[in-house]
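Shown next: protein31.cif, given as mmCIF, C-alpha atoms.
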data_work
loop_
_atom_site.group_PDB
_atom_site.id
_atom_site.type_symbol
_atom_site.label_atom_id
_atom_site.label_comp_id
_atom_site.auth_asym_id
_atom_site.auth_seq_id
_atom_site.Cartn_x
_atom_site.Cartn_y
_atom_site.Cartn_z
ATOM 1 C CA MET A 1380 10.157 33.108 18.860
ATOM 2 C CA ASN A 1381 9.683 32.145 15.224
ATOM 3 C CA THR A 1382 8.607 35.266 13.259
ATOM 4 C CA THR A 1383 5.486 33.662 11.842
ATOM 5 C CA LEU A 1384 4.466 32.165 15.164
ATOM 6 C CA ALA A 1385 5.002 35.546 16.828
ATOM 7 C CA THR A 1386 2.825 37.173 14.178
ATOM 8 C CA HIS A 1387 0.140 34.579 14.780
ATOM 9 C CA THR A 1388 0.294 35.110 18.536
ATOM 10 C CA THR A 1389 0.050 38.892 18.287
ATOM 11 C CA ALA A 1390 -2.734 38.833 15.722
ATOM 12 C CA THR A 1391 -4.874 36.367 17.600
ATOM 13 C CA ARG A 1392 -4.704 37.418 21.255
ATOM 14 C CA THR A 1393 -8.404 38.221 21.092
ATOM 15 C CA ALA A 1394 -9.330 35.535 18.589
ATOM 16 C CA PRO A 1395 -11.937 32.951 19.549
ATOM 17 C CA ALA A 1396 -10.543 29.980 21.424
ATOM 18 C CA GLY A 1397 -11.695 27.702 18.612
ATOM 19 C CA ASP A 1398 -9.466 29.492 16.092
ATOM 20 C CA ASN A 1399 -6.495 29.214 18.434
ATOM 21 C CA ALA A 1400 -7.124 25.480 18.804
ATOM 22 C CA ARG A 1401 -7.351 25.050 15.038
ATOM 23 C CA ARG A 1402 -4.106 26.973 14.587
ATOM 24 C CA ALA A 1403 -2.286 24.950 17.214
ATOM 25 C CA ARG A 1404 -3.582 21.710 15.729
ATOM 26 C CA GLY A 1405 -2.605 22.822 12.230
ATOM 27 C CA LEU A 1406 0.893 23.825 13.275
ATOM 28 C CA ASP A 1407 1.390 20.427 14.895
ATOM 29 C CA VAL A 1408 0.335 18.657 11.688
ATOM 30 C CA LEU A 1409 2.442 20.971 9.544
ATOM 31 C CA ARG A 1410 5.501 20.270 11.704
ATOM 32 C CA THR A 1411 4.969 16.554 11.151
ATOM 33 C CA VAL A 1412 4.766 17.014 7.391
ATOM 34 C CA SER A 1413 7.626 19.506 7.133
ATOM 35 C CA GLY A 1414 9.878 17.812 9.684
ATOM 36 C CA THR A 1415 10.765 21.169 11.248
ATOM 37 C CA ASN A 1416 9.774 23.108 14.359
ATOM 38 C CA GLY A 1417 9.117 26.343 12.453
ATOM 39 C CA PRO A 1418 7.651 25.584 9.007
ATOM 40 C CA ALA A 1419 9.364 27.784 6.403
ATOM 41 C CA VAL A 1420 6.220 27.828 4.286
ATOM 42 C CA LEU A 1421 4.621 30.086 6.904
ATOM 43 C CA ASP A 1422 7.752 32.149 7.524
ATOM 44 C CA SER A 1423 7.833 33.116 3.846
ATOM 45 C CA LEU A 1424 4.380 34.706 4.133
ATOM 46 C CA ALA A 1425 4.855 36.649 7.369
ATOM 47 C CA ASP A 1426 5.927 39.937 5.782
ATOM 48 C CA ILE A 1427 3.405 40.078 2.931
ATOM 49 C CA ALA A 1428 0.367 37.866 3.625
ATOM 50 C CA PRO A 1429 0.173 36.853 7.290
ATOM 51 C CA ASP A 1430 -3.519 36.020 6.930
ATOM 52 C CA LEU A 1431 -2.678 33.532 4.176
ATOM 53 C CA ALA A 1432 -0.206 31.931 6.586
ATOM 54 C CA ARG A 1433 -2.962 31.802 9.194
ATOM 55 C CA TYR A 1434 -5.421 30.200 6.776
ATOM 56 C CA THR A 1435 -2.771 27.661 5.792
ATOM 57 C CA ALA A 1436 -2.292 26.661 9.414
ATOM 58 C CA GLU A 1437 -5.922 26.835 10.501
ATOM 59 C CA PHE A 1438 -7.775 25.535 7.467
ATOM 60 C CA ALA A 1439 -5.399 23.486 5.289
ATOM 61 C CA TYR A 1440 -3.718 21.733 8.209
ATOM 62 C CA GLY A 1441 -5.884 22.384 11.269
ATOM 63 C CA ASP A 1442 -9.171 21.480 9.587
ATOM 64 C CA VAL A 1443 -8.408 19.342 6.527
ATOM 65 C CA TYR A 1444 -5.120 17.522 7.192
ATOM 66 C CA ALA A 1445 -5.977 16.883 10.830
ATOM 67 C CA ASN A 1446 -9.130 14.979 9.885
ATOM 68 C CA PRO A 1447 -8.498 11.283 10.648
ATOM 69 C CA ARG A 1448 -10.502 9.932 7.702
ATOM 70 C CA LEU A 1449 -7.223 9.618 5.782
ATOM 71 C CA THR A 1450 -3.805 8.648 7.123
ATOM 72 C CA PRO A 1451 -0.889 11.088 6.762
ATOM 73 C CA ARG A 1452 0.573 8.739 4.139
ATOM 74 C CA GLN A 1453 -2.660 8.749 2.112
ATOM 75 C CA ARG A 1454 -2.871 12.529 2.322
ATOM 76 C CA GLN A 1455 0.666 13.024 1.044
ATOM 77 C CA ILE A 1456 0.188 10.550 -1.800
ATOM 78 C CA ALA A 1457 -3.005 12.359 -2.826
ATOM 79 C CA THR A 1458 -1.238 15.718 -2.674
ATOM 80 C CA VAL A 1459 1.777 14.561 -4.682
ATOM 81 C CA ALA A 1460 -0.539 13.066 -7.315
ATOM 82 C CA ALA A 1461 -2.588 16.261 -7.553
ATOM 83 C CA LEU A 1462 0.368 18.649 -7.713
ATOM 84 C CA ALA A 1463 2.186 16.452 -10.219
ATOM 85 C CA ALA A 1464 -0.938 16.379 -12.384
ATOM 86 C CA LEU A 1465 -1.509 20.128 -12.172
ATOM 87 C CA GLY A 1466 2.071 20.769 -13.242
ATOM 88 C CA ASN A 1467 2.113 24.406 -12.115
ATOM 89 C CA ALA A 1468 3.268 24.285 -8.504
ATOM 90 C CA THR A 1469 6.793 22.875 -8.433
ATOM 91 C CA PRO A 1470 7.869 24.481 -5.124
ATOM 92 C CA GLN A 1471 4.813 23.034 -3.398
ATOM 93 C CA LEU A 1472 5.356 19.671 -5.084
ATOM 94 C CA ARG A 1473 8.912 19.564 -3.742
ATOM 95 C CA PHE A 1474 7.625 20.431 -0.265
ATOM 96 C CA HIS A 1475 5.056 17.637 -0.355
ATOM 97 C CA ILE A 1476 7.454 15.060 -1.797
ATOM 98 C CA ASP A 1477 9.684 15.854 1.174
ATOM 99 C CA GLY A 1478 6.611 15.665 3.391
ATOM 100 C CA ALA A 1479 5.712 12.267 1.967
ATOM 101 C CA LEU A 1480 9.128 11.003 3.039
ATOM 102 C CA ASN A 1481 8.597 12.510 6.490
ATOM 103 C CA VAL A 1482 5.335 10.624 7.057
ATOM 104 C CA GLY A 1483 6.693 7.258 5.964
ATOM 105 C CA CYS A 1484 6.297 7.036 2.189
ATOM 106 C CA THR A 1485 9.229 5.458 0.390
ATOM 107 C CA ARG A 1486 11.034 6.829 -2.609
ATOM 108 C CA THR A 1487 9.630 4.001 -4.701
ATOM 109 C CA GLU A 1488 6.068 4.886 -3.718
ATOM 110 C CA ILE A 1489 6.604 8.547 -4.568
ATOM 111 C CA VAL A 1490 8.125 7.716 -7.947
ATOM 112 C CA GLU A 1491 5.295 5.279 -8.655
ATOM 113 C CA VAL A 1492 2.687 7.955 -7.915
ATOM 114 C CA ILE A 1493 4.421 10.261 -10.388
ATOM 115 C CA VAL A 1494 4.740 7.551 -13.058
ATOM 116 C CA HIS A 1495 1.035 6.854 -12.526
ATOM 117 C CA THR A 1496 0.124 10.494 -13.183
ATOM 118 C CA ALA A 1497 1.596 10.252 -16.681
ATOM 119 C CA VAL A 1498 -1.567 8.338 -17.593
ATOM 120 C CA TYR A 1499 -3.883 11.134 -16.471
ATOM 121 C CA ALA A 1500 -1.913 14.353 -16.903
ATOM 122 C CA GLY A 1501 0.553 13.406 -19.633
ATOM 123 C CA PHE A 1502 4.235 12.665 -19.848
ATOM 124 C CA PRO A 1503 5.471 16.292 -19.612
ATOM 125 C CA ALA A 1504 3.761 16.677 -16.235
ATOM 126 C CA ALA A 1505 5.231 13.393 -15.002
ATOM 127 C CA LEU A 1506 8.722 14.228 -16.298
ATOM 128 C CA ASN A 1507 8.676 17.615 -14.576
ATOM 129 C CA ALA A 1508 7.489 16.001 -11.344
ATOM 130 C CA ILE A 1509 10.279 13.410 -11.524
ATOM 131 C CA ALA A 1510 12.789 16.266 -11.796
ATOM 132 C CA ALA A 1511 11.316 17.724 -8.593
ATOM 133 C CA ALA A 1512 11.552 14.327 -6.896
ATOM 134 C CA ARG A 1513 15.189 13.986 -7.942
ATOM 135 C CA ASP A 1514 15.956 17.330 -6.279
ATOM 136 C CA VAL A 1515 14.295 16.240 -3.042
ATOM 137 C CA PHE A 1516 15.920 12.801 -3.005
ATOM 138 C CA THR A 1517 19.348 14.331 -3.601
ATOM 139 C CA ALA A 1518 18.832 16.548 -0.584
ATOM 140 C CA ARG A 1519 17.616 13.596 1.514
ATOM 141 C CA PRO A 1520 20.300 10.869 1.330
ATOM 142 C CA ASP A 1521 18.946 9.591 4.654
ATOM 143 C CA THR A 1522 15.919 8.186 2.814
ATOM 144 C CA ALA A 1523 17.875 5.823 0.543
ATOM 145 C CA THR A 1524 18.724 2.271 1.584
ATOM 146 C CA GLU A 1525 20.339 -0.672 -0.121
ATOM 147 C CA ALA A 1526 16.914 -2.151 -0.850
ATOM 148 C CA GLN A 1527 15.300 1.166 -1.779
ATOM 149 C CA THR A 1528 17.412 3.255 -4.118
ATOM 150 C CA GLY A 1529 14.652 5.716 -4.913
ATOM 151 C CA THR A 1530 14.309 5.283 -8.654
ATOM 152 C CA GLU A 1531 11.641 2.693 -9.434
ATOM 153 C CA PRO A 1532 10.995 -1.034 -8.925
ATOM 154 C CA ALA A 1533 13.583 -3.182 -10.631
ATOM 155 C CA ALA A 1534 12.596 -4.668 -13.965
ATOM 156 C CA SER A 1535 13.136 -8.109 -12.461
ATOM 157 C CA ASP A 1536 10.462 -7.300 -9.852
ATOM 158 C CA ALA A 1537 7.956 -6.393 -12.550
ATOM 159 C CA SER A 1538 8.819 -9.559 -14.451
ATOM 160 C CA ALA A 1539 8.379 -11.651 -11.316
ATOM 161 C CA ALA A 1540 4.942 -10.144 -10.741
ATOM 162 C CA ALA A 1541 3.957 -10.949 -14.317
ATOM 163 C CA GLU A 1542 5.216 -14.512 -14.047
ATOM 164 C CA ALA A 1543 3.366 -15.008 -10.750
ATOM 165 C CA SER A 1544 0.111 -14.066 -12.494
ATOM 166 C CA GLY A 1545 0.753 -16.615 -15.252
ATOM 167 C CA ASP A 1546 1.913 -14.118 -17.889
ATOM 168 C CA THR A 1547 5.176 -13.630 -19.655
ATOM 169 C CA PRO A 1548 6.359 -9.980 -19.562
ATOM 170 C CA SER A 1549 5.056 -9.551 -23.127
ATOM 171 C CA ASP A 1550 1.487 -10.600 -22.285
ATOM 172 C CA ARG A 1551 0.350 -7.032 -21.844
ATOM 173 C CA ARG A 1552 -3.132 -7.560 -23.223
ATOM 174 C CA ALA A 1553 -3.982 -10.431 -20.886
ATOM 175 C CA ARG A 1554 -2.395 -8.662 -17.921
ATOM 176 C CA GLY A 1555 -4.153 -5.416 -18.755
ATOM 177 C CA THR A 1556 -7.532 -7.059 -19.258
ATOM 178 C CA ARG A 1557 -7.346 -8.669 -15.828
ATOM 179 C CA ALA A 1558 -6.271 -5.434 -14.161
ATOM 180 C CA LEU A 1559 -8.988 -3.438 -15.913
ATOM 181 C CA SER A 1560 -11.608 -5.932 -14.776
ATOM 182 C CA ALA A 1561 -10.306 -5.945 -11.192
ATOM 183 C CA VAL A 1562 -10.206 -2.168 -10.906
ATOM 184 C CA ASP A 1563 -13.005 -0.753 -13.018
ATOM 185 C CA GLY A 1564 -15.178 -3.777 -13.752
ATOM 186 C CA GLN A 1565 -17.996 -3.179 -16.207
ATOM 187 C CA ALA A 1566 -17.455 0.598 -16.178
ATOM 188 C CA GLY A 1567 -13.969 0.142 -17.615
ATOM 189 C CA GLU A 1568 -15.140 -2.448 -20.113
ATOM 190 C CA HIS A 1569 -17.808 -0.016 -21.345
ATOM 191 C CA VAL A 1570 -15.136 2.632 -21.929
ATOM 192 C CA ILE A 1571 -13.119 0.257 -24.090
ATOM 193 C CA ALA A 1572 -16.222 -0.896 -25.980
ATOM 194 C CA SER A 1573 -17.237 2.723 -26.676
ATOM 195 C CA LEU A 1574 -13.972 3.285 -28.556
ATOM 196 C CA ALA A 1575 -14.273 0.290 -30.872
ATOM 197 C CA ASP A 1576 -15.984 2.136 -33.721
ATOM 198 C CA ILE A 1577 -13.887 5.306 -33.693
ATOM 199 C CA ALA A 1578 -10.535 4.819 -31.903
ATOM 200 C CA PRO A 1579 -9.827 1.117 -31.402
ATOM 201 C CA ASP A 1580 -6.107 1.801 -31.038
ATOM 202 C CA LEU A 1581 -6.808 4.145 -28.119
ATOM 203 C CA GLY A 1582 -8.838 1.382 -26.482
ATOM 204 C CA ALA A 1583 -5.970 -1.034 -27.007
ATOM 205 C CA TYR A 1584 -3.483 1.406 -25.482
ATOM 206 C CA ILE A 1585 -5.685 1.781 -22.398
ATOM 207 C CA VAL A 1586 -5.699 -1.977 -21.888
ATOM 208 C CA ASP A 1587 -2.076 -2.643 -22.856
ATOM 209 C CA PHE A 1588 -0.270 0.396 -21.487
ATOM 210 C CA VAL A 1589 -2.447 1.905 -18.750
ATOM 211 C CA PHE A 1590 -3.504 -1.370 -17.169
ATOM 212 C CA GLY A 1591 -1.035 -3.891 -18.618
ATOM 213 C CA ASP A 1592 2.079 -1.803 -17.992
ATOM 214 C CA VAL A 1593 1.351 0.861 -15.369
ATOM 215 C CA TYR A 1594 -1.362 -0.514 -13.095
ATOM 216 C CA THR A 1595 0.414 -3.850 -12.699
ATOM 217 C CA ARG A 1596 3.707 -2.320 -11.575
ATOM 218 C CA PRO A 1597 4.569 -3.530 -8.057
ATOM 219 C CA GLY A 1598 5.411 -0.180 -6.446
ATOM 220 C CA LEU A 1599 1.861 0.630 -5.270
ATOM 221 C CA ASP A 1600 -1.165 -1.451 -4.394
ATOM 222 C CA LEU A 1601 -4.360 -0.939 -6.393
ATOM 223 C CA LYS A 1602 -6.157 0.981 -3.657
ATOM 224 C CA THR A 1603 -3.319 3.498 -3.457
ATOM 225 C CA ARG A 1604 -3.236 3.817 -7.249
ATOM 226 C CA GLU A 1605 -6.954 4.550 -7.333
ATOM 227 C CA LEU A 1606 -6.656 7.069 -4.491
ATOM 228 C CA ALA A 1607 -3.934 8.859 -6.490
ATOM 229 C CA THR A 1608 -6.148 8.719 -9.587
ATOM 230 C CA VAL A 1609 -9.139 10.239 -7.770
ATOM 231 C CA ALA A 1610 -6.901 13.041 -6.481
ATOM 232 C CA ALA A 1611 -5.369 13.737 -9.891
ATOM 233 C CA CYS A 1612 -8.659 13.673 -11.809
ATOM 234 C CA THR A 1613 -10.305 15.913 -9.214
ATOM 235 C CA ALA A 1614 -7.445 18.416 -9.330
ATOM 236 C CA LEU A 1615 -7.388 18.516 -13.124
ATOM 237 C CA GLY A 1616 -11.063 19.437 -13.160
ATOM 238 C CA THR A 1617 -11.475 18.345 -16.782
ATOM 239 C CA ALA A 1618 -12.104 14.614 -16.418
ATOM 240 C CA ALA A 1619 -15.511 14.108 -14.791
ATOM 241 C CA PRO A 1620 -16.404 10.912 -16.726
ATOM 242 C CA GLN A 1621 -13.013 9.379 -15.932
ATOM 243 C CA LEU A 1622 -13.287 10.462 -12.308
ATOM 244 C CA LYS A 1623 -16.616 8.663 -12.081
ATOM 245 C CA VAL A 1624 -15.106 5.452 -13.455
ATOM 246 C CA HIS A 1625 -12.237 5.629 -10.988
ATOM 247 C CA LEU A 1626 -14.476 6.357 -8.020
ATOM 248 C CA HIS A 1627 -16.154 3.062 -8.897
ATOM 249 C CA GLY A 1628 -12.668 1.584 -9.164
ATOM 250 C CA PHE A 1629 -11.599 2.929 -5.779
ATOM 251 C CA LEU A 1630 -14.585 1.257 -4.136
ATOM 252 C CA ASN A 1631 -13.968 -1.946 -6.111
ATOM 253 C CA VAL A 1632 -10.433 -2.336 -4.753
ATOM 254 C CA GLY A 1633 -11.217 -1.693 -1.098
ATOM 255 C CA GLY A 1634 -11.533 2.065 -0.756
ATOM 256 C CA THR A 1635 -14.390 3.501 1.263
ATOM 257 C CA ARG A 1636 -16.816 6.314 0.504
ATOM 258 C CA ASP A 1637 -15.400 8.305 3.415
ATOM 259 C CA GLU A 1638 -11.872 7.988 2.011
ATOM 260 C CA ALA A 1639 -13.051 9.032 -1.456
ATOM 261 C CA VAL A 1640 -14.945 12.051 -0.133
ATOM 262 C CA GLU A 1641 -12.028 13.053 2.080
ATOM 263 C CA THR A 1642 -9.600 12.838 -0.866
ATOM 264 C CA ILE A 1643 -11.883 15.082 -2.909
ATOM 265 C CA THR A 1644 -12.321 17.488 0.018
ATOM 266 C CA GLN A 1645 -8.537 17.776 0.366
ATOM 267 C CA MET A 1646 -8.341 18.859 -3.260
ATOM 268 C CA ALA A 1647 -10.161 22.073 -2.309
ATOM 269 C CA VAL A 1648 -6.845 23.100 -0.745
ATOM 270 C CA TYR A 1649 -4.793 22.419 -3.895
ATOM 271 C CA ALA A 1650 -7.159 22.858 -6.844
ATOM 272 C CA GLY A 1651 -9.840 25.102 -5.337
ATOM 273 C CA PHE A 1652 -13.378 24.671 -4.113
ATOM 274 C CA PRO A 1653 -14.995 24.566 -7.596
ATOM 275 C CA ALA A 1654 -12.918 21.514 -8.511
ATOM 276 C CA ALA A 1655 -13.846 19.797 -5.243
ATOM 277 C CA LEU A 1656 -17.535 20.690 -5.568
ATOM 278 C CA ASN A 1657 -17.699 19.356 -9.120
ATOM 279 C CA ALA A 1658 -15.988 16.157 -8.030
ATOM 280 C CA ILE A 1659 -18.443 15.687 -5.151
ATOM 281 C CA THR A 1660 -21.299 15.876 -7.675
ATOM 282 C CA VAL A 1661 -19.604 13.099 -9.628
ATOM 283 C CA ALA A 1662 -19.059 11.109 -6.428
ATOM 284 C CA ARG A 1663 -22.746 11.359 -5.522
ATOM 285 C CA GLU A 1664 -23.638 9.776 -8.872
ATOM 286 C CA ALA A 1665 -20.953 7.085 -8.556
ATOM 287 C CA PHE A 1666 -22.023 6.144 -5.030
ATOM 288 C CA THR A 1667 -25.674 5.864 -6.080
ATOM 289 C CA GLU A 1668 -24.770 3.586 -8.968
ATOM 290 C CA HIS A 1669 -22.401 1.526 -6.830
ATOM 291 C CA ALA A 1670 -24.966 0.854 -4.097
#

Would you mind writing the file's structure down as structure tokens?
Amino acid sequence: MNTTLATHTTATRTAPAGDNARRARGLDVLRTVSGTNGPAVLDSLADIAPDLARYTAEFAYGDVYANPRLTPRQRQIATVAALAALGNATPQLRFHIDGALNVGCTRTEIVEVIVHTAVYAGFPAALNAIAAARDVFTARPDTATEAQTGTEPAASDASAAAEASGDTPSDRRARGTRALSAVDGQAGEHVIASLADIAPDLGAYIVDFVFGDVYTRPGLDLKTRELATVAACTALGTAAPQLKVHLHGFLNVGGTRDEAVETITQMAVYAGFPAALNAITVAREAFTEHA
């Protein structure tokens, strides 16, 4: 028997039936994410912190990941976005990039999530996360196809999307203004207006780069981008006003309150309960305003 599973069995012979059910459920979910019968993440804890292994199985996967309010794909995208933004958990980021592939995310989607986090966590965080993705992709040649090479959408694809919207590739301002309006509506417009008297260039970069360049890339739909943004801003714990804007944005592009709350709840696993609690306070305000 797997060492960790044996440890779990021995330690929980007299445990309440509910805990055993949570553990079994969590191990099933973890196997789906890890793609293995005996998840190494638990094996590595057996000799030093078996209770941490148990909490990982029971709580992180048996309680949180098993909740059907988000799909496995949404959960992995949220996790990759959060870990990329945090920038301090490369082994776990590699594990969850691999997990994203296991639950059906494509290489392009994973790379797009990481590119997207450059907006919220900075370029060093995104560059380090791309290095982690490269390691995983190299080890997973089975995930590359002729149509999906695993780098990023072809420039011709981005140009085609711009032309379809009536822009030339250089019309960043017009493209960005439309994307900003579609995602954040008046909340986003207020942010840009608030910068006019002190940092107009920063406002222009938000429209031109964030929304004109990044948000209009074809690798992710807007709902997925906003889900990744909510996860990243929650995990960072330093961007409550921006989180509020993007919770509005998530609802504007088709996300639901349940999905938003579940994304924030999942961040308790990766960024801690204080970060999740603070984000829920922000969500309460955003939901009231959005009603």

Shell around range 1662-1670 of chain A at 9 Å using all atoms listed in the file, local window under 2 positions removed, as a list in words: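 So, after excluding close chain neighbours, the residues are Leu1622, Lys1623, Val1624, Leu1626, His1627, Leu1630, Arg1636, Ala1639, Val1640, Ile1643, Asn1657, Ala1658, Ile1659 and Thr1660 of chain A.
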
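Neighbouring residues of Gly1633 in chain A at 12 Å or closer, counting only C-alpha atoms and skipping chain neighbours under 3 positions away, are Ala1561, Val1562, Asp1600, Leu1601, Lys1602, Thr1603, Arg1604, Glu1605, Leu1606, Leu1626, His1627, Gly1628, Phe1629, Leu1630, Arg1636, Asp1637, Glu1638 and Ala1639 of chain A.
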
Spatial sel., origin (11.8, 18.6, -3.3), limit 9 Å, only C-alpha atoms, listed as a ChimeraX atom specification: /A:1469-1478,1510-1518

Test item: the PyMOL selection byres ((chain A and resi 1486-1502) around 9) resolved as a ChimeraX atom specification: /A:1456-1457,1459-1461,1463-1466,1476,1479-1480,1484-1485,1503-1509,1512,1516,1522-1523,1527-1532,1588-1589,1593-1594,1596-1599,1603-1604,1607-1608,1611-1612,1615,1618

Ground truth for the PyMOL selection byres ((chain A and resi 1654) around 9), written as number ranges by chain: A: 1613-1617, 1643, 1646-1647, 1650-1653, 1655-1659

Care to translate the PyMOL selection byres ((chain A and resi 1569) around 12) into actual residues of this file, as a PDB file with C-alpha atoms, in the coordinates of the input?
ATOM      1  CA  LEU A1559      -8.988  -3.438 -15.913  1.00  0.00           C
ATOM      2  CA  SER A1560     -11.608  -5.932 -14.776  1.00  0.00           C
ATOM      3  CA  ASP A1563     -13.005  -0.753 -13.018  1.00  0.00           C
ATOM      4  CA  GLY A1564     -15.178  -3.777 -13.752  1.00  0.00           C
ATOM      5  CA  GLN A1565     -17.996  -3.179 -16.207  1.00  0.00           C
ATOM      6  CA  ALA A1566     -17.455   0.598 -16.178  1.00  0.00           C
ATOM      7  CA  GLY A1567     -13.969   0.142 -17.615  1.00  0.00           C
ATOM      8  CA  GLU A1568     -15.140  -2.448 -20.113  1.00  0.00           C
ATOM      9  CA  VAL A1570     -15.136   2.632 -21.929  1.00  0.00           C
ATOM     10  CA  ILE A1571     -13.119   0.257 -24.090  1.00  0.00           C
ATOM     11  CA  ALA A1572     -16.222  -0.896 -25.980  1.00  0.00           C
ATOM     12  CA  SER A1573     -17.237   2.723 -26.676  1.00  0.00           C
ATOM     13  CA  LEU A1574     -13.972   3.285 -28.556  1.00  0.00           C
ATOM     14  CA  ALA A1575     -14.273   0.290 -30.872  1.00  0.00           C
ATOM     15  CA  GLY A1582      -8.838   1.382 -26.482  1.00  0.00           C
ATOM     16  CA  PRO A1620     -16.404  10.912 -16.726  1.00  0.00           C
ATOM     17  CA  GLN A1621     -13.013   9.379 -15.932  1.00  0.00           C
ATOM     18  CA  VAL A1624     -15.106   5.452 -13.455  1.00  0.00           C
TER      19      VAL A1624
END

A:Asp1442, A:Asp1398, A:Asp1430, A:Asp1521 ranked by distance to Asn1481 in chain A, top pick (using all atoms listed in the file):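 The answer is A:Asp1521, which sits nearest to Asn1481 in chain A.
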
CA of Thr1595 in chain A to CA of Thr1644 in chain A, distance in Å rounded to a single decimal: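 According to the coordinates, CA of Thr1595 in chain A and CA of Thr1644 in chain A are separated by 27.9 Å.
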
Distance query Ala1400 in chain A at most 10 Å, all atoms listed in the file, self and fewer than 6 positions along chain excluded, as a ChimeraX atom specification: /A:1406,1437,1441

Please produce an output containing C-alpha atoms for each residue in the selection, written as a PDB file, in the coordinates of the input.
ATOM      1  CA  LEU A1406       0.893  23.825  13.275  1.00  0.00           C
ATOM      2  CA  GLU A1437      -5.922  26.835  10.501  1.00  0.00           C
ATOM      3  CA  GLY A1441      -5.884  22.384  11.269  1.00  0.00           C
TER       4      GLY A1441
END

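Here CA of Leu1409 in chain A stands at a distance of 14.7 Å from CA of Pro1447 in chain A.
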
Residue among A:Arg1557, A:Arg1519, A:Arg1452, A:Arg1551 lying closest to Thr1411 in chain A, counting all atoms listed in the file: A:Arg1452

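CA of Val1586 in chain A is positioned 14.8 Å from CA of His1625 in chain A.
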
Residues within 12 Å of Asp1407 in chain A, all atoms listed in the file, excluding chain neighbours under 2 positions, as a ChimeraX atom specification: /A:1400-1405,1409-1418,1436-1437,1440-1442,1444-1445

Given only C-alpha atoms as the counted atoms, nearest of A:Ala1558, A:Leu1421, A:Leu1449, A:Val1482 to Thr1635 in chain A: A:Leu1449

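Using all atoms listed in the file for every distance, the candidate list A:Thr1556, A:Thr1458, A:Gln1645, A:Thr1435 yields A:Thr1556 as the residue closest to Phe1590 in chain A.
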